[in-house]
>>> print(open('entry-v3.json').read())   # JSON, C-alpha atoms
[["chain", "number", "residue", "atom", "x", "y", "z"],
["A", 1, "MET", "CA", -206.07, 83.67, 79.48],
["A", 2, "ALA", "CA", -208.10, 86.69, 78.48],
["A", 3, "THR", "CA", -211.81, 87.32, 78.31],
["A", 4, "LEU", "CA", -212.77, 88.99, 75.06],
["A", 5, "SER", "CA", -216.51, 89.06, 75.42],
["A", 6, "GLY", "CA", -218.13, 92.43, 75.86],
["A", 7, "ASN", "CA", -220.66, 90.90, 78.27],
["A", 8, "ASP", "CA", -217.89, 90.24, 80.78],
["A", 9, "ASN", "CA", -216.90, 93.85, 81.22],
["A", 10, "ALA", "CA", -218.31, 93.96, 84.72],
["A", 11, "GLY", "CA", -216.21, 96.87, 85.82],
["A", 12, "GLY", "CA", -218.43, 99.41, 84.10],
["A", 13, "LYS", "CA", -218.16, 101.59, 81.01],
["A", 14, "ASP", "CA", -214.59, 102.65, 81.85],
["A", 15, "ALA", "CA", -213.28, 99.16, 82.61],
["A", 16, "LEU", "CA", -210.56, 97.29, 80.77],
["A", 17, "PRO", "CA", -211.35, 93.71, 79.72],
["A", 18, "ARG", "CA", -210.89, 91.22, 82.52],
["A", 19, "ILE", "CA", -207.94, 88.85, 82.21],
["A", 20, "ASP", "CA", -206.33, 86.33, 84.53],
["A", 21, "ARG", "CA", -203.18, 88.34, 85.17],
["A", 22, "ALA", "CA", -201.56, 85.65, 87.31],
["A", 23, "ARG", "CA", -201.89, 83.08, 84.54],
["A", 24, "CYS", "CA", -200.77, 85.57, 81.91],
["A", 25, "ALA", "CA", -197.71, 86.44, 84.00],
["A", 26, "LEU", "CA", -196.86, 82.76, 84.39],
["A", 27, "VAL", "CA", -197.13, 82.14, 80.64],
["A", 28, "LEU", "CA", -195.12, 85.26, 79.87],
["A", 29, "PHE", "CA", -192.37, 84.22, 82.29],
["A", 30, "ALA", "CA", -192.27, 80.78, 80.67],
["A", 31, "VAL", "CA", -191.91, 82.37, 77.22],
["A", 32, "PHE", "CA", -189.17, 84.66, 78.50],
["A", 33, "ALA", "CA", -187.31, 81.76, 80.11],
["A", 34, "LEU", "CA", -187.57, 79.75, 76.90],
["A", 35, "ALA", "CA", -186.30, 82.72, 74.87],
["A", 36, "VAL", "CA", -183.32, 83.14, 77.21],
["A", 37, "ALA", "CA", -182.52, 79.43, 77.12],
["A", 38, "THR", "CA", -182.78, 79.42, 73.32],
["A", 39, "PHE", "CA", -181.04, 82.59, 72.24],
["A", 40, "VAL", "CA", -178.65, 83.17, 75.12],
["A", 41, "GLY", "CA", -177.93, 79.50, 75.74],
["A", 42, "VAL", "CA", -177.48, 78.69, 72.02],
["A", 43, "PRO", "CA", -176.61, 82.01, 70.32],
["A", 44, "GLN", "CA", -175.78, 80.26, 67.03],
["A", 45, "ILE", "CA", -179.51, 79.91, 66.45],
["A", 46, "ASP", "CA", -179.63, 83.61, 65.54],
["A", 47, "LEU", "CA", -176.86, 83.15, 62.98],
["A", 48, "TRP", "CA", -178.43, 80.00, 61.57],
["A", 49, "PHE", "CA", -181.85, 81.60, 61.13],
["A", 50, "SER", "CA", -180.51, 84.76, 59.51],
["A", 51, "ALA", "CA", -178.33, 82.67, 57.19],
["A", 52, "LEU", "CA", -181.48, 81.12, 55.74],
["A", 53, "PHE", "CA", -182.20, 84.45, 54.05],
["A", 54, "TYR", "CA", -178.66, 85.41, 53.07],
["A", 55, "ASP", "CA", -177.17, 84.74, 49.65],
["A", 56, "ALA", "CA", -173.88, 86.45, 48.80],
["A", 57, "GLU", "CA", -174.37, 85.80, 45.09],
["A", 58, "ARG", "CA", -177.70, 87.65, 45.14],
["A", 59, "GLY", "CA", -176.41, 90.65, 47.08],
["A", 60, "GLY", "CA", -176.74, 89.43, 50.65],
["A", 61, "PHE", "CA", -180.13, 89.70, 52.28],
["A", 62, "TRP", "CA", -181.82, 89.86, 48.91],
["A", 63, "LEU", "CA", -185.39, 89.95, 50.23],
["A", 64, "GLN", "CA", -184.89, 93.59, 51.20],
["A", 65, "GLN", "CA", -185.01, 94.35, 47.48],
["A", 66, "VAL", "CA", -188.35, 92.60, 46.99],
["A", 67, "PRO", "CA", -191.17, 95.19, 46.61],
["A", 68, "ALA", "CA", -193.61, 93.09, 48.65],
["A", 69, "ALA", "CA", -191.28, 93.16, 51.66],
["A", 70, "THR", "CA", -190.89, 96.91, 51.41],
["A", 71, "LEU", "CA", -194.65, 97.32, 51.04],
["A", 72, "LEU", "CA", -195.30, 95.19, 54.11],
["A", 73, "ARG", "CA", -192.96, 97.30, 56.19],
["A", 74, "ARG", "CA", -194.59, 100.51, 54.98],
["A", 75, "VAL", "CA", -198.09, 99.21, 55.70],
["A", 76, "LEU", "CA", -197.13, 98.21, 59.25],
["A", 77, "MET", "CA", -195.49, 101.57, 59.89],
["A", 78, "ASP", "CA", -198.57, 103.39, 58.61],
["A", 79, "LEU", "CA", -200.88, 101.23, 60.73],
["A", 80, "THR", "CA", -198.72, 101.82, 63.79],
["A", 81, "ILE", "CA", -198.77, 105.58, 63.30],
["A", 82, "ALA", "CA", -202.51, 105.51, 62.63],
["A", 83, "MET", "CA", -203.16, 103.49, 65.80],
["A", 84, "LEU", "CA", -201.11, 105.84, 67.95],
["A", 85, "LEU", "CA", -202.65, 109.01, 66.48],
["A", 86, "THR", "CA", -206.15, 107.57, 66.75],
["A", 87, "SER", "CA", -205.52, 106.68, 70.38],
["A", 88, "VAL", "CA", -204.22, 110.15, 71.18],
["A", 89, "ALA", "CA", -207.28, 111.66, 69.51],
["A", 90, "GLY", "CA", -209.57, 109.24, 71.33],
["A", 91, "LEU", "CA", -207.94, 110.07, 74.65],
["A", 92, "ALA", "CA", -208.12, 113.81, 74.07],
["A", 93, "GLY", "CA", -211.72, 113.66, 72.86],
["A", 94, "GLY", "CA", -212.78, 111.50, 75.76],
["A", 95, "LEU", "CA", -211.16, 113.79, 78.33],
["A", 96, "LEU", "CA", -212.70, 116.90, 76.78],
["A", 97, "LEU", "CA", -216.18, 115.45, 76.27],
["A", 98, "ARG", "CA", -216.12, 113.21, 79.34],
["A", 99, "HIS", "CA", -217.61, 110.49, 77.19],
["A", 100, "PRO", "CA", -216.25, 107.36, 75.45],
["A", 101, "THR", "CA", -214.92, 108.11, 71.97],
["A", 102, "VAL", "CA", -216.60, 105.88, 69.33],
["A", 103, "GLY", "CA", -217.71, 103.63, 72.15],
["A", 104, "VAL", "CA", -214.20, 103.03, 73.51],
["A", 105, "PRO", "CA", -213.57, 104.16, 77.11],
["A", 106, "VAL", "CA", -211.09, 106.97, 77.76],
["A", 107, "ARG", "CA", -209.09, 104.59, 79.95],
["A", 108, "VAL", "CA", -208.55, 102.25, 77.00],
["A", 109, "TRP", "CA", -207.27, 104.99, 74.70],
["A", 110, "GLY", "CA", -204.95, 106.06, 77.50],
["A", 111, "PHE", "CA", -203.76, 102.47, 77.95],
["A", 112, "ILE", "CA", -202.79, 102.25, 74.27],
["A", 113, "VAL", "CA", -200.97, 105.59, 74.30],
["A", 114, "VAL", "CA", -198.97, 104.69, 77.42],
["A", 115, "LEU", "CA", -198.21, 101.23, 76.01],
["A", 116, "TYR", "CA", -196.62, 102.76, 72.91],
["A", 117, "VAL", "CA", -194.73, 105.39, 74.87],
["A", 118, "LEU", "CA", -193.30, 102.99, 77.44],
["A", 119, "GLY", "CA", -192.77, 99.88, 75.30],
["A", 120, "PRO", "CA", -191.50, 100.81, 71.82],
["A", 121, "GLY", "CA", -190.73, 104.39, 72.80],
["A", 122, "ILE", "CA", -188.75, 104.43, 76.04],
["A", 123, "ILE", "CA", -187.72, 100.86, 76.87],
["A", 124, "VAL", "CA", -186.86, 99.62, 73.38],
["A", 125, "ASN", "CA", -185.73, 102.68, 71.42],
["A", 126, "LEU", "CA", -184.42, 105.10, 74.03],
["A", 127, "ILE", "CA", -182.83, 102.56, 76.38],
["A", 128, "LEU", "CA", -182.03, 99.25, 74.70],
["A", 129, "LYS", "CA", -181.40, 100.17, 71.05],
["A", 130, "ALA", "CA", -179.45, 103.27, 72.03],
["A", 131, "ARG", "CA", -177.19, 101.57, 74.59],
["A", 132, "TRP", "CA", -176.94, 97.81, 73.96],
["A", 133, "GLY", "CA", -174.49, 98.04, 71.06],
["A", 134, "ARG", "CA", -175.45, 94.88, 69.18],
["A", 135, "ALA", "CA", -174.67, 95.11, 65.46],
["A", 136, "ARG", "CA", -177.34, 94.24, 62.94],
["A", 137, "PRO", "CA", -177.06, 90.99, 60.95],
["A", 138, "SER", "CA", -176.19, 92.83, 57.73],
["A", 139, "ASP", "CA", -173.29, 94.55, 59.53],
["A", 140, "ILE", "CA", -171.47, 91.51, 60.94],
["A", 141, "THR", "CA", -168.62, 89.60, 59.32],
["A", 142, "GLU", "CA", -170.67, 86.43, 58.84],
["A", 143, "PHE", "CA", -172.87, 88.33, 56.40],
["A", 144, "GLY", "CA", -170.36, 90.57, 54.65],
["A", 145, "GLY", "CA", -170.02, 93.33, 57.23],
["A", 146, "ALA", "CA", -167.17, 94.41, 59.51],
["A", 147, "ALA", "CA", -168.69, 94.12, 63.00],
["A", 148, "GLU", "CA", -168.53, 91.12, 65.31],
["A", 149, "PHE", "CA", -171.56, 89.03, 66.15],
["A", 150, "THR", "CA", -172.88, 89.54, 69.67],
["A", 151, "PRO", "CA", -175.18, 86.98, 71.31],
["A", 152, "ALA", "CA", -178.55, 88.19, 72.53],
["A", 153, "GLY", "CA", -178.41, 89.58, 76.05],
["A", 154, "VAL", "CA", -174.74, 90.58, 75.86],
["A", 155, "ILE", "CA", -173.94, 94.30, 75.90],
["A", 156, "SER", "CA", -171.47, 95.15, 73.15],
["A", 157, "ASP", "CA", -169.59, 98.00, 71.49],
["A", 158, "GLN", "CA", -170.16, 96.85, 67.91],
["A", 159, "CYS", "CA", -172.82, 99.47, 67.18],
["A", 160, "ALA", "CA", -172.91, 103.13, 68.18],
["A", 161, "ALA", "CA", -176.56, 104.04, 67.58],
["A", 162, "ASN", "CA", -179.86, 102.60, 66.34],
["A", 163, "CYS", "CA", -178.60, 99.10, 67.04],
["A", 164, "SER", "CA", -180.11, 95.67, 66.65],
["A", 165, "PHE", "CA", -181.16, 94.70, 70.18],
["A", 166, "THR", "CA", -184.06, 94.89, 70.53],
["A", 167, "SER", "CA", -186.23, 95.58, 67.47],
["A", 168, "GLY", "CA", -188.00, 98.93, 67.43],
["A", 169, "GLU", "CA", -190.37, 97.97, 64.65],
["A", 170, "GLY", "CA", -190.83, 94.55, 66.22],
["A", 171, "SER", "CA", -191.95, 96.20, 69.46],
["A", 172, "SER", "CA", -194.25, 98.56, 67.55],
["A", 173, "ALA", "CA", -195.77, 95.57, 65.76],
["A", 174, "ALA", "CA", -196.38, 93.86, 69.10],
["A", 175, "ALA", "CA", -197.99, 97.01, 70.51],
["A", 176, "LEU", "CA", -200.15, 97.23, 67.39],
["A", 177, "ALA", "CA", -201.32, 93.65, 67.91],
["A", 178, "VAL", "CA", -202.17, 94.25, 71.58],
["A", 179, "SER", "CA", -203.99, 97.49, 70.74],
["A", 180, "ALA", "CA", -205.97, 96.00, 67.86],
["A", 181, "VAL", "CA", -207.12, 93.01, 69.92],
["A", 182, "LEU", "CA", -208.07, 95.33, 72.78],
["A", 183, "LEU", "CA", -210.17, 97.55, 70.51],
["A", 184, "LEU", "CA", -211.85, 94.48, 69.04],
["A", 185, "TYR", "CA", -213.22, 93.79, 72.53],
["A", 186, "TYR", "CA", -215.31, 96.95, 72.23],
["A", 187, "PHE", "CA", -216.12, 96.84, 68.52],
["A", 188, "ALA", "CA", -216.99, 93.13, 68.21],
["A", 189, "PRO", "CA", -220.62, 93.49, 69.41],
["A", 190, "ARG", "CA", -221.21, 96.13, 66.70],
["A", 191, "VAL", "CA", -219.73, 94.40, 63.66],
["A", 192, "PRO", "CA", -220.58, 91.14, 61.83],
["A", 193, "ARG", "CA", -218.95, 88.02, 63.16],
["A", 194, "TRP", "CA", -216.93, 87.51, 59.99],
["A", 195, "ALA", "CA", -215.56, 91.05, 60.26],
["A", 196, "ALA", "CA", -214.54, 90.46, 63.88],
["A", 197, "ARG", "CA", -212.77, 87.25, 62.91],
["A", 198, "LEU", "CA", -210.99, 88.96, 60.04],
["A", 199, "TRP", "CA", -209.97, 91.80, 62.37],
["A", 200, "LEU", "CA", -208.55, 89.34, 64.89],
["A", 201, "ALA", "CA", -206.64, 87.42, 62.21],
["A", 202, "LEU", "CA", -205.13, 90.57, 60.75],
["A", 203, "ALA", "CA", -204.38, 91.96, 64.22],
["A", 204, "LEU", "CA", -202.24, 88.92, 64.95],
["A", 205, "LEU", "CA", -200.81, 87.95, 61.57],
["A", 206, "LEU", "CA", -199.85, 91.35, 60.15],
["A", 207, "PRO", "CA", -197.67, 92.39, 63.12],
["A", 208, "MET", "CA", -196.02, 88.96, 63.12],
["A", 209, "ALA", "CA", -195.30, 89.28, 59.41],
["A", 210, "GLY", "CA", -193.98, 92.80, 59.92],
["A", 211, "ALA", "CA", -191.62, 91.69, 62.66],
["A", 212, "MET", "CA", -190.41, 88.79, 60.53],
["A", 213, "GLN", "CA", -189.79, 91.19, 57.65],
["A", 214, "ARG", "CA", -187.07, 92.82, 59.73],
["A", 215, "VAL", "CA", -185.40, 89.43, 60.18],
["A", 216, "VAL", "CA", -185.51, 88.18, 56.60],
["A", 217, "THR", "CA", -184.09, 91.48, 55.32],
["A", 218, "GLY", "CA", -181.10, 91.33, 57.64],
["A", 219, "ARG", "CA", -182.07, 94.27, 59.81],
["A", 220, "HIS", "CA", -182.64, 92.24, 62.97],
["A", 221, "PHE", "CA", -181.92, 88.85, 64.45],
["A", 222, "LEU", "CA", -184.81, 86.59, 65.36],
["A", 223, "SER", "CA", -184.05, 87.10, 69.04],
["A", 224, "ASP", "CA", -184.41, 90.88, 68.65],
["A", 225, "THR", "CA", -188.03, 90.54, 67.58],
["A", 226, "VAL", "CA", -188.87, 87.84, 70.12],
["A", 227, "PHE", "CA", -187.55, 89.85, 73.06],
["A", 228, "SER", "CA", -189.30, 92.97, 71.74],
["A", 229, "ALA", "CA", -192.61, 91.12, 71.80],
["A", 230, "VAL", "CA", -191.94, 89.83, 75.32],
["A", 231, "ILE", "CA", -191.10, 93.34, 76.53],
["A", 232, "VAL", "CA", -194.28, 94.82, 75.08],
["A", 233, "ALA", "CA", -196.38, 91.99, 76.49],
["A", 234, "ALA", "CA", -194.84, 92.55, 79.94],
["A", 235, "VAL", "CA", -195.50, 96.29, 79.74],
["A", 236, "ALA", "CA", -199.09, 95.63, 78.67],
["A", 237, "LEU", "CA", -199.62, 93.25, 81.60],
["A", 238, "VAL", "CA", -198.22, 95.72, 84.14],
["A", 239, "LEU", "CA", -200.29, 98.54, 82.65],
["A", 240, "HIS", "CA", -203.43, 96.41, 82.82],
["A", 241, "TRP", "CA", -202.80, 95.95, 86.54],
["A", 242, "LEU", "CA", -202.08, 99.66, 87.10],
["A", 243, "PHE", "CA", -205.06, 100.88, 85.08],
["A", 244, "SER", "CA", -207.35, 98.36, 86.77],
["A", 245, "LEU", "CA", -206.01, 99.47, 90.15],
["A", 246, "ARG", "CA", -206.93, 103.08, 89.38],
["A", 247, "GLU", "CA", -210.25, 101.86, 88.06],
["A", 248, "GLY", "CA", -211.00, 100.16, 91.38],
["A", 249, "ARG", "CA", -210.07, 103.26, 93.34],
["A", 250, "ALA", "CA", -212.30, 105.39, 91.15],
["A", 251, "ARG", "CA", -215.26, 103.10, 91.82],
["A", 252, "GLY", "CA", -214.46, 103.10, 95.52]]
>>> encode(input="entry-v3.json", output="structure tokens")
Amino acid sequence: MATLSGNDNAGGKDALPRIDRARCALVLFAVFALAVATFVGVPQIDLWFSALFYDAERGGFWLQQVPAATLLRRVLMDLTIAMLLTSVAGLAGGLLLRHPTVGVPVRVWGFIVVLYVLGPGIIVNLILKARWGRARPSDITEFGGAAEFTPAGVISDQCAANCSFTSGEGSSAAALAVSAVLLLYYFAPRVPRWAARLWLALALLLPMAGAMQRVVTGRHFLSDTVFSAVIVAAVALVLHWLFSLREGRARG
């Protein structure tokens, strides 16, 4: 799907990594269709999965009281903030100096900043979470709350603000994964192979664990995190096309 070898960056020093966007779009559409069929077609799956981590005798979603779960969330939030601030600094430095910052093209830093702003920022938090009205698992009657369960994809009035659909931290985790893998493309030739492999593993596993932390602690349904990841992936794919389009015009 994607080429992650620095030798393939034929577009020049300001180019994004080459990927087969048509194939990526096809895979992403298939994942989206599967998610819709699963969570909209069989909404009880969300309840079933959340129930695996709920125990009324232990206080409900008891994993939220486990220090390791809290630590994981804090680490992911810190990494997300660090990635965004680093990207803003890299973008600003590159624009001022007209030179890649730490070997990463200005266009790439800009891609990451826009990805965070559009994905987790505008689409997920400002539009969906603020207007969809889906109550969180810990707030519905099935898990000791007072609100009604709403299937994924159905607009509701069970939550007034900062609601469950979709997951803000899940979308940030997905953006972190995309950004970390993208930066690895540029850093891999300069670090040992074992370090690049460790980077890639952490880039994929930590965000997944962070998104799952929101589910097991009753703050989000599984579908919230899945759709957040799909949204961020779609935004990243569109941005790759737009940034590559501008890249081609600049070369022309």
>>> atom_distance(input="entry-v3.json", atom1="atom CA of A:Leu176", atom2="atom CA of A:Arg134")
24.9 Å
>>> closest_atom_pairs(input="entry-v3.json", of="stretch 119-175 of chain A", to="stretch 213-216 of chain A", cutoff="12 Å", atoms="only C-alpha atoms", output="CSV")
residue,atom,partner,partner_atom,distance
A:Arg136,CA,A:Val215,CA,9.8
A:Pro137,CA,A:Val215,CA,8.5
A:Ser138,CA,A:Val215,CA,10.1
A:Ser164,CA,A:Arg214,CA,10.2
A:Thr166,CA,A:Arg214,CA,11.4
A:Ser167,CA,A:Arg214,CA,8.3
A:Gly168,CA,A:Arg214,CA,9.9
A:Glu169,CA,A:Arg214,CA,7.8
A:Gly170,CA,A:Arg214,CA,7.7
A:Ser171,CA,A:Arg214,CA,11.4
A:Ala173,CA,A:Arg214,CA,10.9
>>> write_last_selection(input="entry-v3.json", atoms="C-alpha atoms", output="PDB file, keeping the file's coordinate frame")
ATOM      1  CA  ARG A 136    -177.340  94.240  62.940  1.00  0.00           C
ATOM      2  CA  PRO A 137    -177.060  90.990  60.950  1.00  0.00           C
ATOM      3  CA  SER A 138    -176.190  92.830  57.730  1.00  0.00           C
ATOM      4  CA  SER A 164    -180.110  95.670  66.650  1.00  0.00           C
ATOM      5  CA  THR A 166    -184.060  94.890  70.530  1.00  0.00           C
ATOM      6  CA  SER A 167    -186.230  95.580  67.470  1.00  0.00           C
ATOM      7  CA  GLY A 168    -188.000  98.930  67.430  1.00  0.00           C
ATOM      8  CA  GLU A 169    -190.370  97.970  64.650  1.00  0.00           C
ATOM      9  CA  GLY A 170    -190.830  94.550  66.220  1.00  0.00           C
ATOM     10  CA  SER A 171    -191.950  96.200  69.460  1.00  0.00           C
ATOM     11  CA  ALA A 173    -195.770  95.570  65.760  1.00  0.00           C
TER      12      ALA A 173
END
>>> closest_residue(input="entry-v3.json", among="A:Thr80, A:Thr86, A:Gln65, A:Thr217", to="A:Ala51", atoms="all atoms listed in the file")
A:Thr217
>>> closest_residue(input="entry-v3.json", among="A:Ser179, A:Phe221, A:Arg197, A:Phe61", to="A:Leu79", atoms="all atoms listed in the file")
A:Ser179
>>> closest_residue(input="entry-v3.json", among="A:Gly210, A:Gly60, A:Ala201, A:Ala146", to="A:Asp78", atoms="all atoms listed in the file")
A:Gly210
>>> atom_distance(input="entry-v3.json", atom1="atom CA of A:Val235", atom2="atom CA of A:Leu118")
7.4 Å
>>> residues_around(input="entry-v3.json", residues="A:Trp62", least_positions_apart="4", cutoff="10 Å", atoms="all atoms listed in the file", output="list in words")
Phe53, Tyr54, Asp55, Ala56, Glu57, Arg58, Val66, Val216, Thr217 and Gly218 of chain A
>>> residues_around(input="entry-v3.json", residues="A:Ile231", least_positions_apart="6", cutoff="10 Å", atoms="all atoms listed in the file", output="PDB file with C-alpha atoms, in the frame of the given file")
ATOM      1  CA  LEU A  28    -195.120  85.260  79.870  1.00  0.00           C
ATOM      2  CA  PHE A  32    -189.170  84.660  78.500  1.00  0.00           C
ATOM      3  CA  LEU A 118    -193.300 102.990  77.440  1.00  0.00           C
ATOM      4  CA  GLY A 119    -192.770  99.880  75.300  1.00  0.00           C
ATOM      5  CA  PRO A 120    -191.500 100.810  71.820  1.00  0.00           C
ATOM      6  CA  ILE A 123    -187.720 100.860  76.870  1.00  0.00           C
ATOM      7  CA  VAL A 124    -186.860  99.620  73.380  1.00  0.00           C
ATOM      8  CA  THR A 166    -184.060  94.890  70.530  1.00  0.00           C
ATOM      9  CA  SER A 171    -191.950  96.200  69.460  1.00  0.00           C
ATOM     10  CA  ALA A 174    -196.380  93.860  69.100  1.00  0.00           C
ATOM     11  CA  ALA A 175    -197.990  97.010  70.510  1.00  0.00           C
ATOM     12  CA  THR A 225    -188.030  90.540  67.580  1.00  0.00           C
ATOM     13  CA  LEU A 237    -199.620  93.250  81.600  1.00  0.00           C
TER      14      LEU A 237
END
>>> closest_residue(input="entry-v3.json", among="A:Val117, A:Leu52, A:Leu183, A:Val75", to="A:Val104", atoms="all atoms listed in the file")
A:Leu183
>>> closest_residue(input="entry-v3.json", among="A:Leu47, A:Leu242, A:Ala135, A:Leu76", to="A:Ala177", atoms="all atoms listed in the file")
A:Leu76
>>> atom_distance(input="entry-v3.json", atom1="atom CA of A:Gly144", atom2="atom CA of A:Gly59")
9.7 Å
>>> closest_residue(input="entry-v3.json", among="A:Leu239, A:Ala234, A:Ala161, A:Ala82", to="A:Phe29", atoms="only C-alpha atoms")
A:Ala234
